[in-house]
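Student: My structure file work.cif, mmCIF, C-alpha atoms, is below:
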data_query
loop_
_atom_site.label_atom_id
_atom_site.label_comp_id
_atom_site.auth_asym_id
_atom_site.auth_seq_id
_atom_site.Cartn_x
_atom_site.Cartn_y
_atom_site.Cartn_z
CA MET A 1 -175.62 227.25 -180.99
CA THR A 2 -175.97 227.48 -177.20
CA ASP A 3 -179.02 229.21 -175.75
CA GLN A 4 -177.74 232.21 -173.79
CA HIS A 5 -180.49 231.63 -171.24
CA ASP A 6 -179.72 227.93 -170.66
CA THR A 7 -178.96 227.77 -166.93
CA THR A 8 -177.72 224.16 -167.18
CA ALA A 9 -174.89 224.96 -169.57
CA PRO A 10 -171.54 225.55 -167.87
CA VAL A 11 -170.15 229.05 -167.91
CA ALA A 12 -166.55 227.86 -167.93
CA ARG A 13 -164.39 224.75 -167.47
CA LEU A 14 -162.16 224.20 -164.47
CA ARG A 15 -158.62 224.86 -165.66
CA ASN A 16 -156.59 224.10 -162.54
CA ILE A 17 -156.38 224.55 -158.80
CA VAL A 18 -153.75 227.01 -157.56
CA LEU A 19 -152.11 226.91 -154.14
CA ASP A 20 -150.13 229.88 -152.83
CA CYS A 21 -146.82 228.98 -151.20
CA PRO A 22 -143.36 230.40 -150.52
CA ARG A 23 -141.46 227.73 -152.56
CA PRO A 24 -143.55 226.47 -155.50
CA ARG A 25 -141.20 223.74 -156.71
CA GLU A 26 -140.90 222.17 -153.24
CA LEU A 27 -144.65 222.05 -152.68
CA ALA A 28 -145.20 220.67 -156.21
CA GLU A 29 -142.73 217.87 -155.41
CA PHE A 30 -144.58 217.11 -152.15
CA TYR A 31 -147.91 216.73 -153.96
CA ALA A 32 -146.33 214.83 -156.89
CA GLN A 33 -145.22 212.16 -154.42
CA ILE A 34 -148.80 211.89 -153.12
CA ILE A 35 -150.97 212.16 -156.26
CA GLY A 36 -148.41 211.41 -159.00
CA GLY A 37 -148.01 213.39 -162.19
CA THR A 38 -145.44 215.46 -164.01
CA ILE A 39 -144.00 218.76 -162.82
CA GLU A 40 -143.87 221.46 -165.48
CA GLU A 41 -142.08 224.55 -164.23
CA GLU A 42 -142.90 227.75 -166.07
CA ASP A 43 -140.64 229.97 -163.96
CA GLY A 44 -139.54 230.12 -160.36
CA ASP A 45 -142.78 231.81 -159.30
CA TRP A 46 -145.23 229.34 -160.93
CA VAL A 47 -145.07 225.55 -161.14
CA ASP A 48 -147.68 223.20 -162.63
CA LEU A 49 -148.23 219.61 -161.56
CA VAL A 50 -150.19 217.68 -164.17
CA ALA A 51 -151.60 214.68 -162.35
CA PRO A 52 -153.14 211.56 -163.87
CA GLY A 53 -156.50 212.29 -165.47
CA ARG A 54 -155.24 215.68 -166.70
CA VAL A 55 -155.93 217.31 -163.36
CA LYS A 56 -153.63 220.29 -162.95
CA VAL A 57 -152.56 221.68 -159.59
CA SER A 58 -150.43 224.81 -159.78
CA PHE A 59 -148.25 226.44 -157.17
CA GLN A 60 -147.75 230.19 -157.05
CA ARG A 61 -145.03 231.98 -155.09
CA VAL A 62 -146.32 234.16 -152.26
CA SER A 63 -143.52 235.18 -149.95
CA ASP A 64 -145.69 236.30 -147.04
CA LEU A 65 -148.12 233.35 -146.96
CA ARG A 66 -150.28 233.07 -143.86
CA PRO A 67 -151.65 229.52 -143.71
CA PRO A 68 -155.09 228.91 -142.27
CA GLU A 69 -155.39 228.19 -138.56
CA TRP A 70 -157.07 224.81 -138.27
CA PRO A 71 -159.91 224.47 -137.34
CA ARG A 72 -160.68 228.12 -136.67
CA SER A 73 -163.21 229.84 -138.86
CA ASP A 74 -163.22 233.20 -137.11
CA VAL A 75 -159.71 234.35 -138.08
CA ASN A 76 -157.76 233.36 -141.20
CA ALA A 77 -160.17 230.52 -142.06
CA GLN A 78 -159.37 227.80 -144.56
CA GLN A 79 -160.70 228.81 -147.95
CA LEU A 80 -160.00 225.61 -149.86
CA HIS A 81 -158.77 222.12 -149.18
CA LEU A 82 -158.12 219.02 -151.26
CA ASP A 83 -159.88 215.70 -150.66
CA LEU A 84 -157.67 212.81 -151.81
CA ASP A 85 -158.93 209.23 -152.17
CA ALA A 86 -156.60 206.95 -150.20
CA GLY A 87 -158.24 203.54 -150.58
CA ARG A 88 -161.31 201.60 -149.53
CA THR A 89 -160.13 200.20 -146.20
CA THR A 90 -158.84 201.55 -142.92
CA GLU A 91 -155.58 199.69 -143.59
CA GLU A 92 -155.13 201.56 -146.88
CA LEU A 93 -155.93 204.84 -145.16
CA ASP A 94 -153.38 204.02 -142.42
CA ALA A 95 -150.73 203.25 -145.06
CA ALA A 96 -151.44 206.51 -146.89
CA GLU A 97 -151.24 208.41 -143.61
CA GLU A 98 -147.84 206.91 -142.85
CA LYS A 99 -146.57 208.00 -146.28
CA VAL A 100 -147.86 211.59 -146.15
CA LEU A 101 -146.42 212.06 -142.67
CA ALA A 102 -143.04 210.76 -143.88
CA LEU A 103 -143.21 213.30 -146.74
CA GLY A 104 -143.67 216.19 -144.30
CA ALA A 105 -147.42 216.48 -143.76
CA ARG A 106 -148.63 217.42 -140.29
CA PRO A 107 -151.72 215.86 -138.69
CA LEU A 108 -154.55 218.28 -137.94
CA ASP A 109 -157.52 216.03 -137.14
CA LEU A 110 -157.17 212.25 -137.07
CA ASP A 111 -160.28 211.50 -134.97
CA ASP A 112 -162.50 209.14 -136.95
CA ASP A 113 -165.38 209.55 -134.50
CA GLY A 114 -165.48 205.86 -133.63
CA GLY A 115 -165.33 204.80 -137.28
CA LYS A 116 -168.14 207.13 -138.38
CA ARG A 117 -165.90 209.51 -140.34
CA ASP A 118 -164.19 208.35 -143.51
CA PHE A 119 -161.48 211.04 -143.66
CA ARG A 120 -158.49 212.43 -141.77
CA VAL A 121 -157.17 215.98 -142.02
CA TYR A 122 -153.53 217.03 -142.49
CA ALA A 123 -151.55 220.15 -143.36
CA ASP A 124 -149.04 220.15 -146.20
CA PRO A 125 -145.53 221.49 -145.45
CA VAL A 126 -146.66 225.12 -145.77
CA GLY A 127 -149.95 224.71 -143.89
CA HIS A 128 -152.68 224.09 -146.51
CA PRO A 129 -155.17 221.57 -145.15
CA PHE A 130 -155.96 218.41 -147.12
CA CYS A 131 -157.87 215.23 -146.35
CA LEU A 132 -157.09 211.60 -146.96
CA CYS A 133 -160.46 209.94 -147.56
CA LYS A 134 -161.74 206.41 -147.80
CA ILE A 135 -163.36 205.75 -151.15
CA PRO A 136 -167.06 205.03 -150.55
#
Once you've parsed the file, please lay out its structure as structure tokens.
Tutor:
Amino acid sequence: MTDQHDTTAPVARLRNIVLDCPRPRELAEFYAQIIGGTIEEEDGDWVDLVAPGRVKVSFQRVSDLRPPEWPRSDVNAQQLHLDLDAGRTTEELDAAEEKVLALGARPLDLDDDGGKRDFRVYADPVGHPFCLCKIP
């Protein structure tokens, strides 16, 4: 039996991450090409992508989506972004960047601050920010 006052016990388990978008199947296909996995469509308004490791990213239809304005935090700020491991070297990060751009990503912030930063920021085809990161 779990102690109801145990502050170290989790309250709940993470089920999945949900991204709003105007065309769920298209955005699921974009991310499937980046992170892998299997697309499981429940209906036209909700699509699940089950990635390796049982991570689930879902896509929910929102017809009037207003993507965040990078890098503004005063109006319509980003509320969530994905960090994706893209390899251990700059060459691997460069190769991953080339692939995501070919898939339709848009660069938002590619400045590595003279090699001090280990990530680059992009927008997916509907405007959600995500980062390609070097694995530490």
Student: Which residues are near Glu41 in chain A? Cut-off 12 Å, all atoms listed in the file, ignore same chain within fewer than 2 positions. Put them as a list in words.
Tutor: Pro24, Arg25, Glu26, Ala28, Glu29, Thr38, Ile39, Asp43, Gly44, Asp45, Trp46, Val47, Asp48, Leu49, Val50, Val57, Ser58, Phe59 and Gln60 of chain A
Student: To one decimal in Å, tell me the separation between CA of Tyr122 in chain A and CA of Leu110 in chain A.
Tutor: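 Those two atoms sit 8.1 Å apart.
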Student: Which is closer to Arg13 in chain A than all the others in A:Asp64, A:Leu108, A:Val55, A:Leu84, using only C-alpha atoms?
Tutor: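 Once distances to Arg13 in chain A are computed over only C-alpha atoms, the minimum belongs to A:Val55.
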Student: I'd like to know which of A:Val126, A:Glu92, A:Gly115, A:Ile135 is closest to Leu27 in chain A, using only C-alpha atoms.
Tutor: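 Closest candidate: A:Val126.
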Student: Compile the contact shell of Asp118 in chain A as a list of chain:residue names: residues with an atom at most 8 Å away, counting all atoms listed in the file, same-chain residues fewer than 5 positions apart removed.
Tutor: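 These residues fall inside the cut-off: A:Asp112, A:Cys133, A:Lys134.
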Student: Once you have the residues from the selection above, write them out as a JSON list (two decimals), in the coordinates of the input, restricted to C-alpha atoms.
Tutor:
[["chain", "number", "residue", "atom", "x", "y", "z"],
["A", 112, "ASP", "CA", -162.50, 209.14, -136.95],
["A", 133, "CYS", "CA", -160.46, 209.94, -147.56],
["A", 134, "LYS", "CA", -161.74, 206.41, -147.80]]
Student: Name the closest residue to Ala102 in chain A among the candidates A:Ala86, A:Ile34, A:Ala12, A:Leu19; distances are taken between atoms, counting all atoms listed in the file.
Tutor: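 For Ala102 in chain A, the nearest of the given residues is A:Ile34.
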Student: Suppose a student applies the PyMOL selection byres ((chain A and resi 128) around 10) to this structure; what residues should they get, written as a PyMOL selection string?
Tutor: chain A and resi 19-21+66-70+78-82+105-106+122-127+129-130
Student: What would the file look like if the residues just selected were written as a short mmCIF file (atom, residue, chain, number, x, y, z; two decimals), in the coordinates of the input with C-alpha atoms?
Tutor:
data_model
loop_
_atom_site.label_atom_id
_atom_site.label_comp_id
_atom_site.auth_asym_id
_atom_site.auth_seq_id
_atom_site.Cartn_x
_atom_site.Cartn_y
_atom_site.Cartn_z
CA LEU A 19 -152.11 226.91 -154.14
CA ASP A 20 -150.13 229.88 -152.83
CA CYS A 21 -146.82 228.98 -151.20
CA ARG A 66 -150.28 233.07 -143.86
CA PRO A 67 -151.65 229.52 -143.71
CA PRO A 68 -155.09 228.91 -142.27
CA GLU A 69 -155.39 228.19 -138.56
CA TRP A 70 -157.07 224.81 -138.27
CA GLN A 78 -159.37 227.80 -144.56
CA GLN A 79 -160.70 228.81 -147.95
CA LEU A 80 -160.00 225.61 -149.86
CA HIS A 81 -158.77 222.12 -149.18
CA LEU A 82 -158.12 219.02 -151.26
CA ALA A 105 -147.42 216.48 -143.76
CA ARG A 106 -148.63 217.42 -140.29
CA TYR A 122 -153.53 217.03 -142.49
CA ALA A 123 -151.55 220.15 -143.36
CA ASP A 124 -149.04 220.15 -146.20
CA PRO A 125 -145.53 221.49 -145.45
CA VAL A 126 -146.66 225.12 -145.77
CA GLY A 127 -149.95 224.71 -143.89
CA PRO A 129 -155.17 221.57 -145.15
CA PHE A 130 -155.96 218.41 -147.12
#
Student: If we draw a sphere of 8 Å around (-150.7, 212.0, -163.4), which residues have at least one atom in it when counting all atoms listed in the file? Please report them as number ranges by chain.
Tutor: A: 35-38, 50-55
Student: For the atom pair CA of Asp83 in chain A and CA of Pro22 in chain A, what is the interatomic distance in Å to one decimal place?
Tutor: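 We find that CA of Asp83 in chain A and CA of Pro22 in chain A lie 22.1 Å from each other.
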Student: Report, in Å to a single decimal, how far apart CA of Thr90 in chain A and CA of Gly104 in chain A are.
Tutor: 21.1 Å
Student: Enclose the full set of atoms of range 114-128 of chain A listed in the file within a box whose edges lie along x, y and z, apply 6 Å of padding to each of the six sides, and report centre and edge lengths in Å to one decimal as JSON.
Tutor:
{"center_x": -156.8, "center_y": 215.0, "center_z": -140.1, "size_x": 34.6, "size_y": 32.3, "size_z": 24.9}
Student: Please return range 49-64 of chain A, rebuilt to N, CA, C and O atoms, as a JSON list (two decimals), in the coordinates of the input.
Tutor:
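Final file, result-v9.json:
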[["chain", "number", "residue", "atom", "x", "y", "z"],
["A", 49, "LEU", "N", -148.29, 221.06, -161.73],
["A", 49, "LEU", "CA", -148.23, 219.61, -161.56],
["A", 49, "LEU", "C", -149.42, 219.05, -162.32],
["A", 49, "LEU", "O", -150.57, 219.32, -161.97],
["A", 50, "VAL", "N", -149.13, 218.30, -163.39],
["A", 50, "VAL", "CA", -150.19, 217.68, -164.17],
["A", 50, "VAL", "C", -150.31, 216.24, -163.68],
["A", 50, "VAL", "O", -149.43, 215.42, -163.93],
["A", 51, "ALA", "N", -151.38, 215.99, -162.97],
["A", 51, "ALA", "CA", -151.60, 214.68, -162.35],
["A", 51, "ALA", "C", -152.36, 213.77, -163.31],
["A", 51, "ALA", "O", -152.92, 214.24, -164.30],
["A", 52, "PRO", "N", -152.38, 212.48, -163.02],
["A", 52, "PRO", "CA", -153.14, 211.56, -163.87],
["A", 52, "PRO", "C", -154.59, 212.03, -164.02],
["A", 52, "PRO", "O", -155.17, 212.59, -163.09],
["A", 53, "GLY", "N", -155.14, 211.82, -165.20],
["A", 53, "GLY", "CA", -156.50, 212.29, -165.47],
["A", 53, "GLY", "C", -156.54, 213.73, -165.93],
["A", 53, "GLY", "O", -157.59, 214.35, -165.99],
["A", 54, "ARG", "N", -155.37, 214.30, -166.22],
["A", 54, "ARG", "CA", -155.24, 215.68, -166.70],
["A", 54, "ARG", "C", -155.67, 216.72, -165.68],
["A", 54, "ARG", "O", -156.00, 217.84, -166.01],
["A", 55, "VAL", "N", -155.66, 216.35, -164.42],
["A", 55, "VAL", "CA", -155.93, 217.31, -163.36],
["A", 55, "VAL", "C", -154.66, 218.13, -163.17],
["A", 55, "VAL", "O", -153.57, 217.58, -163.06],
["A", 56, "LYS", "N", -154.81, 219.44, -163.13],
["A", 56, "LYS", "CA", -153.63, 220.29, -162.95],
["A", 56, "LYS", "C", -153.73, 221.04, -161.63],
["A", 56, "LYS", "O", -154.74, 221.69, -161.34],
["A", 57, "VAL", "N", -152.69, 220.91, -160.83],
["A", 57, "VAL", "CA", -152.56, 221.68, -159.59],
["A", 57, "VAL", "C", -151.34, 222.57, -159.79],
["A", 57, "VAL", "O", -150.27, 222.09, -160.14],
["A", 58, "SER", "N", -151.53, 223.86, -159.59],
["A", 58, "SER", "CA", -150.43, 224.81, -159.78],
["A", 58, "SER", "C", -150.04, 225.43, -158.45],
["A", 58, "SER", "O", -150.84, 225.49, -157.52],
["A", 59, "PHE", "N", -148.81, 225.89, -158.40],
["A", 59, "PHE", "CA", -148.25, 226.44, -157.17],
["A", 59, "PHE", "C", -147.65, 227.80, -157.51],
["A", 59, "PHE", "O", -146.82, 227.91, -158.40],
["A", 60, "GLN", "N", -148.11, 228.81, -156.78],
["A", 60, "GLN", "CA", -147.75, 230.19, -157.05],
["A", 60, "GLN", "C", -146.98, 230.77, -155.87],
["A", 60, "GLN", "O", -147.43, 230.66, -154.73],
["A", 61, "ARG", "N", -145.85, 231.41, -156.17],
["A", 61, "ARG", "CA", -145.03, 231.98, -155.09],
["A", 61, "ARG", "C", -145.73, 233.16, -154.43],
["A", 61, "ARG", "O", -146.17, 234.10, -155.08],
["A", 62, "VAL", "N", -145.84, 233.08, -153.11],
["A", 62, "VAL", "CA", -146.32, 234.16, -152.26],
["A", 62, "VAL", "C", -145.38, 234.17, -151.07],
["A", 62, "VAL", "O", -145.38, 233.24, -150.27],
["A", 63, "SER", "N", -144.57, 235.19, -150.98],
["A", 63, "SER", "CA", -143.52, 235.18, -149.95],
["A", 63, "SER", "C", -144.05, 235.37, -148.53],
["A", 63, "SER", "O", -143.45, 234.89, -147.58],
["A", 64, "ASP", "N", -145.18, 236.03, -148.39],
["A", 64, "ASP", "CA", -145.69, 236.30, -147.04],
["A", 64, "ASP", "C", -146.95, 235.48, -146.74],
["A", 64, "ASP", "O", -147.88, 235.96, -146.10]]
